[in-house]
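Here is the file coords-v3.cif (mmCIF, C-alpha atoms).
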data_protein
#
loop_
_atom_site.label_atom_id
_atom_site.label_comp_id
_atom_site.auth_asym_id
_atom_site.auth_seq_id
_atom_site.Cartn_x
_atom_site.Cartn_y
_atom_site.Cartn_z
CA MET A 1 123.47 93.00 56.95
CA LYS A 2 120.30 93.09 54.89
CA LYS A 3 119.16 89.85 56.54
CA PHE A 4 119.41 91.46 59.97
CA ARG A 5 117.42 94.43 58.85
CA ILE A 6 114.64 92.25 57.53
CA ALA A 7 114.61 90.20 60.75
CA GLY A 8 114.46 93.41 62.78
CA LEU A 9 111.59 94.73 60.72
CA ILE A 10 109.69 91.47 61.11
CA LEU A 11 110.20 91.53 64.89
CA ALA A 12 109.07 95.15 65.08
CA GLY A 13 106.03 94.21 63.00
CA ILE A 14 105.15 91.37 65.34
CA PHE A 15 105.56 93.71 68.32
CA ILE A 16 103.20 96.25 66.78
CA VAL A 17 100.61 93.63 65.86
CA LEU A 18 100.80 92.24 69.42
CA GLN A 19 99.62 95.60 70.75
CA PHE A 20 96.24 95.04 69.13
CA PHE A 21 95.71 91.96 71.31
CA GLN A 22 95.32 93.22 74.83
CA PRO A 23 93.85 91.54 77.91
CA GLU A 24 90.80 93.00 79.56
CA LEU A 25 91.68 95.60 82.17
CA ASN A 26 90.81 95.10 85.83
CA ARG A 27 89.21 98.49 86.37
CA SER A 28 85.67 98.00 87.62
CA GLY A 29 86.47 100.00 90.76
CA LEU A 30 87.24 99.10 94.35
CA GLY A 31 83.50 98.91 95.04
CA ASP A 32 81.07 99.31 97.95
CA ASN A 33 81.91 95.88 99.29
CA SER A 34 85.63 96.55 99.60
CA ILE A 35 87.62 96.53 102.82
CA LEU A 36 87.97 100.31 102.62
CA ALA A 37 84.22 100.78 102.25
CA LYS A 38 83.32 98.26 104.96
CA GLU A 39 85.95 98.84 107.66
CA LYS A 40 87.47 101.79 109.38
CA LEU A 41 91.18 101.20 108.86
CA PRO A 42 94.08 103.21 110.28
CA GLU A 43 95.20 105.64 107.57
CA PRO A 44 98.73 104.18 107.16
CA VAL A 45 97.29 100.68 106.76
CA ALA A 46 94.78 101.84 104.15
CA ALA A 47 97.64 103.54 102.29
CA MET A 48 99.76 100.38 102.36
CA LEU A 49 96.92 98.24 101.05
CA LYS A 50 96.30 100.75 98.26
CA HIS A 51 99.91 101.05 97.17
CA SER A 52 101.18 97.53 97.76
CA CYS A 53 98.23 95.12 97.51
CA PHE A 54 95.23 96.38 95.54
CA ASP A 55 96.87 96.17 92.11
CA CYS A 56 96.51 92.38 92.25
CA HIS A 57 94.08 91.91 95.13
CA SER A 58 91.12 94.11 94.20
CA ASN A 59 88.89 95.00 91.25
CA GLN A 60 90.85 98.18 90.63
CA THR A 61 94.35 97.84 89.21
CA ASN A 62 96.47 100.89 88.66
CA TYR A 63 98.30 100.38 85.35
CA PRO A 64 101.43 102.40 84.65
CA TRP A 65 102.06 102.80 80.90
CA TYR A 66 104.61 99.96 80.85
CA ASP A 67 102.02 97.53 82.19
CA ARG A 68 99.88 98.21 79.13
CA ILE A 69 102.41 97.07 76.54
CA ALA A 70 102.14 93.50 75.25
CA PRO A 71 103.51 91.02 76.13
CA ALA A 72 104.01 92.56 79.64
CA SER A 73 100.28 93.36 79.76
CA TRP A 74 99.48 89.64 79.55
CA LEU A 75 101.85 88.83 82.39
CA VAL A 76 100.20 91.56 84.50
CA ALA A 77 96.74 90.21 83.63
CA HIS A 78 97.82 86.76 84.76
CA HIS A 79 99.17 88.08 88.08
CA VAL A 80 95.96 90.02 88.71
CA LYS A 81 93.81 86.98 87.97
CA GLU A 82 95.82 84.75 90.30
CA GLY A 83 96.01 87.42 92.99
CA LYS A 84 92.27 87.99 93.01
CA LYS A 85 91.67 84.26 93.22
CA GLN A 86 93.73 84.13 96.43
CA LEU A 87 92.32 87.27 98.00
CA ASN A 88 90.13 90.04 96.64
CA PHE A 89 89.83 93.05 98.93
CA SER A 90 86.87 94.20 96.82
CA ASP A 91 84.85 91.20 98.13
CA TRP A 92 85.72 91.80 101.78
CA GLY A 93 82.15 92.54 102.83
CA SER A 94 80.94 89.12 101.65
CA LYS A 95 83.24 87.22 103.97
CA ASP A 96 82.13 85.93 107.35
CA VAL A 97 84.17 86.73 110.43
CA ILE A 98 86.11 83.44 110.35
CA ASP A 99 87.15 84.01 106.74
CA LYS A 100 88.20 87.56 107.55
CA ILE A 101 90.31 86.39 110.48
CA THR A 102 91.85 83.65 108.34
CA GLU A 103 92.71 86.12 105.58
CA LEU A 104 94.28 88.50 108.08
CA GLY A 105 96.44 85.65 109.38
CA LYS A 106 97.52 84.78 105.84
CA ILE A 107 98.28 88.42 105.06
CA GLY A 108 100.52 88.60 108.13
CA ASP A 109 102.32 85.38 107.19
CA GLU A 110 102.83 86.36 103.56
CA VAL A 111 104.16 89.79 104.39
CA LYS A 112 106.35 88.50 107.20
CA SER A 113 107.95 85.85 105.00
CA GLY A 114 108.60 88.41 102.24
CA ASN A 115 106.45 86.51 99.73
CA MET A 116 104.20 89.54 99.45
CA PRO A 117 104.24 91.96 97.82
CA ILE A 118 105.92 89.80 95.16
CA PRO A 119 109.59 90.92 94.89
CA SER A 120 109.53 91.19 91.07
CA TYR A 121 106.44 93.41 91.30
CA VAL A 122 108.11 95.66 93.86
CA MET A 123 111.24 95.89 91.72
CA ILE A 124 109.23 97.48 88.91
CA HIS A 125 106.56 99.27 90.96
CA ARG A 126 108.83 101.05 93.40
CA ASP A 127 106.11 102.78 95.38
CA ALA A 128 104.70 99.37 96.34
CA LYS A 129 107.76 98.62 98.44
CA LEU A 130 107.10 98.30 102.16
CA SER A 131 109.80 99.45 104.55
CA LYS A 132 110.72 97.31 107.53
CA GLU A 133 108.67 99.59 109.78
CA GLN A 134 105.70 99.47 107.44
CA THR A 135 105.91 95.69 107.29
CA GLU A 136 105.88 95.50 111.07
CA GLU A 137 103.00 97.94 111.29
CA LEU A 138 100.97 95.95 108.77
CA ILE A 139 101.61 92.66 110.59
CA ALA A 140 100.70 94.20 113.95
CA TRP A 141 97.50 95.52 112.39
CA THR A 142 96.49 92.05 111.09
CA VAL A 143 96.81 90.67 114.63
CA LYS A 144 95.01 93.55 116.31
CA PHE A 145 92.24 93.76 113.73
CA SER A 146 91.49 90.03 113.84
CA GLU A 147 91.22 90.22 117.64
CA GLU A 148 88.82 93.16 117.26
CA LEU A 149 86.68 91.32 114.74
CA LEU A 150 86.50 88.35 117.06
CA ALA A 151 85.63 90.49 120.09
CA LYS A 152 82.81 92.14 118.13
CA GLU A 153 81.37 88.71 117.37
CA GLU A 154 81.20 87.69 121.03
CA MET B 1 120.97 63.24 137.48
CA LEU B 2 118.34 60.72 136.49
CA ILE B 3 115.58 63.10 137.49
CA LEU B 4 117.22 65.86 135.50
CA GLY B 5 117.44 63.51 132.56
CA ILE B 6 113.78 62.60 132.79
CA ALA B 7 112.83 66.22 133.22
CA PHE B 8 114.84 67.11 130.12
CA VAL B 9 113.32 64.33 128.06
CA SER B 10 109.80 65.23 129.08
CA PHE B 11 110.52 68.88 128.43
CA THR B 12 111.83 68.07 124.96
CA LEU B 13 108.82 65.88 124.32
CA SER B 14 106.42 68.58 125.40
CA GLN B 15 108.20 71.00 123.08
CA THR B 16 108.48 68.84 120.02
CA GLY B 17 107.29 65.32 120.63
CA SER B 18 103.55 65.58 120.50
CA PRO B 19 101.36 67.83 118.41
CA SER B 20 98.73 68.59 120.97
CA ALA B 21 97.44 66.85 124.05
CA GLN B 22 93.83 67.57 123.18
CA MET B 23 93.84 65.91 119.79
CA PRO B 24 91.74 62.77 119.47
CA ASP B 25 93.98 59.74 118.88
CA ASN B 26 93.00 59.18 115.26
CA VAL B 27 93.60 62.86 114.43
CA LYS B 28 96.93 62.80 116.19
CA ALA B 29 97.95 59.70 114.24
CA ALA B 30 97.15 61.39 110.92
CA VAL B 31 98.94 64.62 111.94
CA ASP B 32 101.96 62.63 113.11
CA LYS B 33 102.04 60.75 109.85
CA ALA B 34 101.62 63.57 107.36
CA CYS B 35 102.17 66.97 109.02
CA PHE B 36 104.16 67.04 112.19
CA ALA B 37 107.59 66.20 110.77
CA CYS B 38 107.80 69.66 109.15
CA HIS B 39 105.30 71.63 111.21
CA ASN B 40 106.96 71.62 114.64
CA THR B 41 109.28 73.94 116.52
CA ALA B 42 112.40 71.81 116.00
CA SER B 43 111.74 71.37 112.26
CA GLN B 44 114.53 72.14 109.80
CA ASN B 45 111.93 73.38 107.37
CA ALA B 46 111.81 77.06 108.34
CA LYS B 47 109.09 77.94 105.85
CA ALA B 48 106.80 75.17 107.05
CA LYS B 49 107.13 75.90 110.73
CA GLU B 50 106.74 79.62 110.21
CA LYS B 51 103.43 78.97 108.54
CA LEU B 52 102.20 76.42 111.05
CA ASP B 53 103.78 75.02 114.21
CA PHE B 54 101.74 72.33 115.93
CA SER B 55 103.99 72.58 119.00
CA THR B 56 102.93 76.15 119.73
CA LEU B 57 99.56 76.36 118.02
CA SER B 58 97.52 76.19 121.22
CA GLY B 59 99.54 79.07 122.69
CA LEU B 60 98.55 81.52 119.95
CA ALA B 61 95.92 84.20 120.47
CA LYS B 62 92.43 82.94 119.82
CA ALA B 63 91.91 84.79 116.53
CA ALA B 64 95.23 83.50 115.23
CA GLN B 65 94.28 79.93 116.19
CA ILE B 66 90.96 80.22 114.40
CA GLY B 67 92.76 81.39 111.26
CA LYS B 68 95.27 78.55 111.45
CA TYR B 69 92.65 75.81 111.94
CA ARG B 70 90.60 77.20 109.06
CA GLU B 71 93.72 77.20 106.89
CA ILE B 72 94.56 73.61 107.87
CA GLY B 73 91.12 72.52 106.70
CA GLU B 74 91.34 74.51 103.46
CA THR B 75 94.85 73.35 102.66
CA ILE B 76 93.94 69.69 103.00
CA GLU B 77 90.67 70.16 101.18
CA ASN B 78 92.52 71.73 98.25
CA GLY B 79 95.01 68.88 98.25
CA GLU B 80 97.90 71.30 98.80
CA MET B 81 99.37 69.44 101.77
CA PRO B 82 101.44 67.39 102.19
CA PRO B 83 103.27 68.96 99.20
CA LYS B 84 103.62 66.94 96.02
CA LYS B 85 107.42 67.06 96.09
CA PHE B 86 107.47 65.63 99.60
CA LEU B 87 105.07 62.86 98.61
CA ASP B 88 107.29 61.95 95.66
CA ASN B 89 109.97 61.07 98.21
CA TYR B 90 107.64 59.66 100.87
CA PRO B 91 104.63 58.22 99.08
CA ASP B 92 103.51 56.46 102.28
CA LYS B 93 102.90 59.88 103.92
CA LYS B 94 100.00 60.60 101.64
CA LEU B 95 96.76 61.11 103.53
CA THR B 96 94.07 58.59 102.68
CA ALA B 97 90.66 59.92 101.74
CA GLU B 98 89.38 58.99 105.22
CA GLU B 99 92.31 60.70 106.95
CA SER B 100 91.80 63.85 104.89
CA LYS B 101 88.12 63.89 105.74
CA LEU B 102 88.91 63.31 109.40
CA LEU B 103 91.41 66.18 109.54
CA ILE B 104 89.13 68.58 107.69
CA LYS B 105 86.26 67.79 110.05
CA TRP B 106 88.52 68.08 113.08
CA ALA B 107 89.97 71.43 111.97
CA GLU B 108 86.53 72.86 111.30
CA GLY B 109 85.38 71.56 114.69
CA GLU B 110 88.27 73.38 116.36
CA VAL B 111 87.26 76.58 114.57
CA LYS B 112 83.70 76.21 115.88
CA ASN B 113 84.89 75.42 119.42
CA LEU B 114 87.14 78.47 119.48
CA MET B 115 84.35 80.69 118.18
CA LYS B 116 82.10 79.46 120.99
CA LYS B 117 84.65 80.01 123.75
#
Just dump the structure as structure tokens.
Amino acid sequence: MKKFRIAGLILAGIFIVLQFFQPELNRSGLGDNSILAKEKLPEPVAAMLKHSCFDCHSNQTNYPWYDRIAPASWLVAHHVKEGKKQLNFSDWGSKDVIDKITELGKIGDEVKSGNMPIPSYVMIHRDAKLSKEQTEELIAWTVKFSEELLAKEE
Amino acid sequence: MLILGIAFVSFTLSQTGSPSAQMPDNVKAAVDKACFACHNTASQNAKAKEKLDFSTLSGLAKAAQIGKYREIGETIENGEMPPKKFLDNYPDKKLTAEESKLLIKWAEGEVKNLMKK
């Protein structure tokens, strides 16, 4: 019995020490170059991007308390890093029209196939879940918006 | 009956047999070798054809086509396609450096053409 208690204490100690080693937070703000600053989006689309995408695809992550506890915090930091590498909505203004159209196509594909938002993320962050109607609305918007961007170019 | 048969065969071919009539021969050869088996309408690989279907690509809206061609170029440039697992089974499907270059240049050319139209 005593052995278990010592093991438990050691584990708890490790857990506490871990909390002093935290990854840098992704909180520099959505920014003036973001898709919300640069484009006039339909309100429901803007809301979907905010709730379901920006945590990993912008420079402003919203961290619930459980995302701040190590080792989960490191997993979150990794997801954010990878997500921003694929697509960062905070850099939207720096993209040319072809890149924007390409990203919109990818967004539509990823959402349609159910790859995005990542199912494990949605399981924990319930408000990030997109309903079937929302998914359809978002996909329709990617198509319409890319056509608009193209038309503006011509 | 024969005419029906021919009509059916040519219909099937136009649906699944050739990637695109407008492709230059060398591009078509590379696409046939390394891409088309999964990226066509009749493909068993649902994920692959959902992402890119050479049989229907030219029927997409212009913006969608531009996005797809840009992605083709990027994907090859990043060495993401054909997938590693697939190449483990079919090492001869690997694109040579020249073929990769050719496809990247072709895809980017298609993007430019579509932007001009």
Write out as a tab-separated table a residue-level contact list of chain A versus chain B with cut-off 9 Å: for each qualifying residue the closest pair of atoms and the distance in Å to one decimal, counting only C-alpha atoms, rows sorted by chain and residue number upward.
residue	atom	partner	partner_atom	distance
A:Ile98	CA	B:Gly67	CA	7.0
A:Asp99	CA	B:Gly67	CA	7.7
A:Lys100	CA	B:Gly67	CA	8.5
A:Ile101	CA	B:Gly67	CA	5.6
A:Thr102	CA	B:Gly67	CA	3.8
A:Glu103	CA	B:Gly67	CA	7.4
A:Leu104	CA	B:Gly67	CA	7.9
A:Gly105	CA	B:Gly67	CA	5.9
A:Lys106	CA	B:Gly67	CA	8.0
A:Asp109	CA	B:Lys51	CA	6.6
A:Glu110	CA	B:Lys51	CA	8.9
A:Ser113	CA	B:Lys47	CA	8.0
A:Val143	CA	B:Ala64	CA	7.4
A:Ser146	CA	B:Ala63	CA	5.9
A:Glu147	CA	B:Ala63	CA	5.6
A:Glu148	CA	B:Ala63	CA	9.0
A:Leu149	CA	B:Ala63	CA	8.6
A:Leu150	CA	B:Ala63	CA	6.5
A:Glu153	CA	B:Met115	CA	8.6
A:Glu154	CA	B:Met115	CA	8.2
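Nearest residue to Trp92 of chain A among A:Ser58, A:Asn26, A:Ser52, A:Gln19 is A:Ser58, counting all atoms listed in the file.
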Name the residues in contact with Pro71 of chain A at a cut-off of 12 Å, using all atoms listed in the file, excluding same-chain residues fewer than 5 positions from it; report them as a PDB file with C-alpha atoms, keeping the file's coordinate frame.
ATOM      1  CA  ILE A  14     105.150  91.370  65.340  1.00  0.00           C
ATOM      2  CA  PHE A  15     105.560  93.710  68.320  1.00  0.00           C
ATOM      3  CA  ILE A  16     103.200  96.250  66.780  1.00  0.00           C
ATOM      4  CA  VAL A  17     100.610  93.630  65.860  1.00  0.00           C
ATOM      5  CA  LEU A  18     100.800  92.240  69.420  1.00  0.00           C
ATOM      6  CA  GLN A  19      99.620  95.600  70.750  1.00  0.00           C
ATOM      7  CA  PHE A  20      96.240  95.040  69.130  1.00  0.00           C
ATOM      8  CA  PHE A  21      95.710  91.960  71.310  1.00  0.00           C
ATOM      9  CA  GLN A  22      95.320  93.220  74.830  1.00  0.00           C
ATOM     10  CA  PRO A  23      93.850  91.540  77.910  1.00  0.00           C
ATOM     11  CA  TYR A  66     104.610  99.960  80.850  1.00  0.00           C
ATOM     12  CA  VAL A  76     100.200  91.560  84.500  1.00  0.00           C
ATOM     13  CA  ALA A  77      96.740  90.210  83.630  1.00  0.00           C
ATOM     14  CA  HIS A  78      97.820  86.760  84.760  1.00  0.00           C
TER      15      HIS A  78
END
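We find atom CA of Gly79 of chain B and atom CA of Leu102 of chain B to be spaced 13.9 Å apart.
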Counting all atoms listed in the file, what is within 8 Å of segment 95-100 of chain B, bar same-chain residues fewer than 6 positions away, as a compact mmCIF listing (two decimals) with C-alpha atoms, keeping the file's coordinate frame?
# COMPACT_ATOMS: atom_id res chain seq x y z
CA VAL B 27 93.60 62.86 114.43
CA ALA B 30 97.15 61.39 110.92
CA ALA B 34 101.62 63.57 107.36
CA ILE B 76 93.94 69.69 103.00
CA GLU B 77 90.67 70.16 101.18
CA PRO B 82 101.44 67.39 102.19
Using all atoms listed in the file, the best pick from A:Asp55, A:Glu82, A:Asp91, A:Glu43 as closest to Ala128 of chain A would be A:Asp55
Name all residues at most 9 Å from Leu130 of chain A (count only C-alpha atoms; drop same-chain ones fewer than 6 positions away) and give them as a short mmCIF file (atom, residue, chain, number, x, y, z; two decimals) with C-alpha atoms, in the frame of the given file.
data_model
loop_
_atom_site.label_atom_id
_atom_site.label_comp_id
_atom_site.auth_asym_id
_atom_site.auth_seq_id
_atom_site.Cartn_x
_atom_site.Cartn_y
_atom_site.Cartn_z
CA MET A 48 99.76 100.38 102.36
CA SER A 52 101.18 97.53 97.76
CA PRO A 117 104.24 91.96 97.82
CA VAL A 122 108.11 95.66 93.86
#
Could the centre and edge lengths of an axis-aligned box, enclosing all atoms of segment 43-48 of chain A in the file with 3 Å extra on each side, be given in Å to one decimal as AutoDock Vina command-line options?
--center_x 97.3 --center_y 103.0 --center_z 104.9 --size_x 11.0 --size_y 11.3 --size_z 11.3
Hits from the PyMOL selection byres ((chain A and resi 34-37) around 9), listed as a PyMOL selection string:
chain A and resi 30-33+38-41+46+58+88-93
Residue selection dump (C-alpha atoms) as a PDB file, in the frame of the given file:
ATOM      1  CA  LEU A  30      87.240  99.100  94.350  1.00  0.00           C
ATOM      2  CA  GLY A  31      83.500  98.910  95.040  1.00  0.00           C
ATOM      3  CA  ASP A  32      81.070  99.310  97.950  1.00  0.00           C
ATOM      4  CA  ASN A  33      81.910  95.880  99.290  1.00  0.00           C
ATOM      5  CA  LYS A  38      83.320  98.260 104.960  1.00  0.00           C
ATOM      6  CA  GLU A  39      85.950  98.840 107.660  1.00  0.00           C
ATOM      7  CA  LYS A  40      87.470 101.790 109.380  1.00  0.00           C
ATOM      8  CA  LEU A  41      91.180 101.200 108.860  1.00  0.00           C
ATOM      9  CA  ALA A  46      94.780 101.840 104.150  1.00  0.00           C
ATOM     10  CA  SER A  58      91.120  94.110  94.200  1.00  0.00           C
ATOM     11  CA  ASN A  88      90.130  90.040  96.640  1.00  0.00           C
ATOM     12  CA  PHE A  89      89.830  93.050  98.930  1.00  0.00           C
ATOM     13  CA  SER A  90      86.870  94.200  96.820  1.00  0.00           C
ATOM     14  CA  ASP A  91      84.850  91.200  98.130  1.00  0.00           C
ATOM     15  CA  TRP A  92      85.720  91.800 101.780  1.00  0.00           C
ATOM     16  CA  GLY A  93      82.150  92.540 102.830  1.00  0.00           C
TER      17      GLY A  93
END
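Interatomic distance, atom CA of Asn40 of chain B to atom CA of Thr56 of chain B: 7.9 Å.
Proximity to Glu24 of chain A was assessed for A:Phe4, A:Pro42, A:Val80, A:Ala47 counting only C-alpha atoms; the smallest distance is recorded for A:Val80.
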Atomic separation - atom CA of Lys132 of chain A relative to atom CA of Val45 of chain A, Å
13.9 Å
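Here the PyMOL selection byres ((chain B and resi 39) around 8) catches exactly these residues: B:Cys35, B:Phe36, B:Ala37, B:Cys38, B:Asn40, B:Thr41, B:Ser43, B:Asn45, B:Ala48, B:Lys49, B:Leu52, B:Asp53, B:Phe54, B:Ser55.
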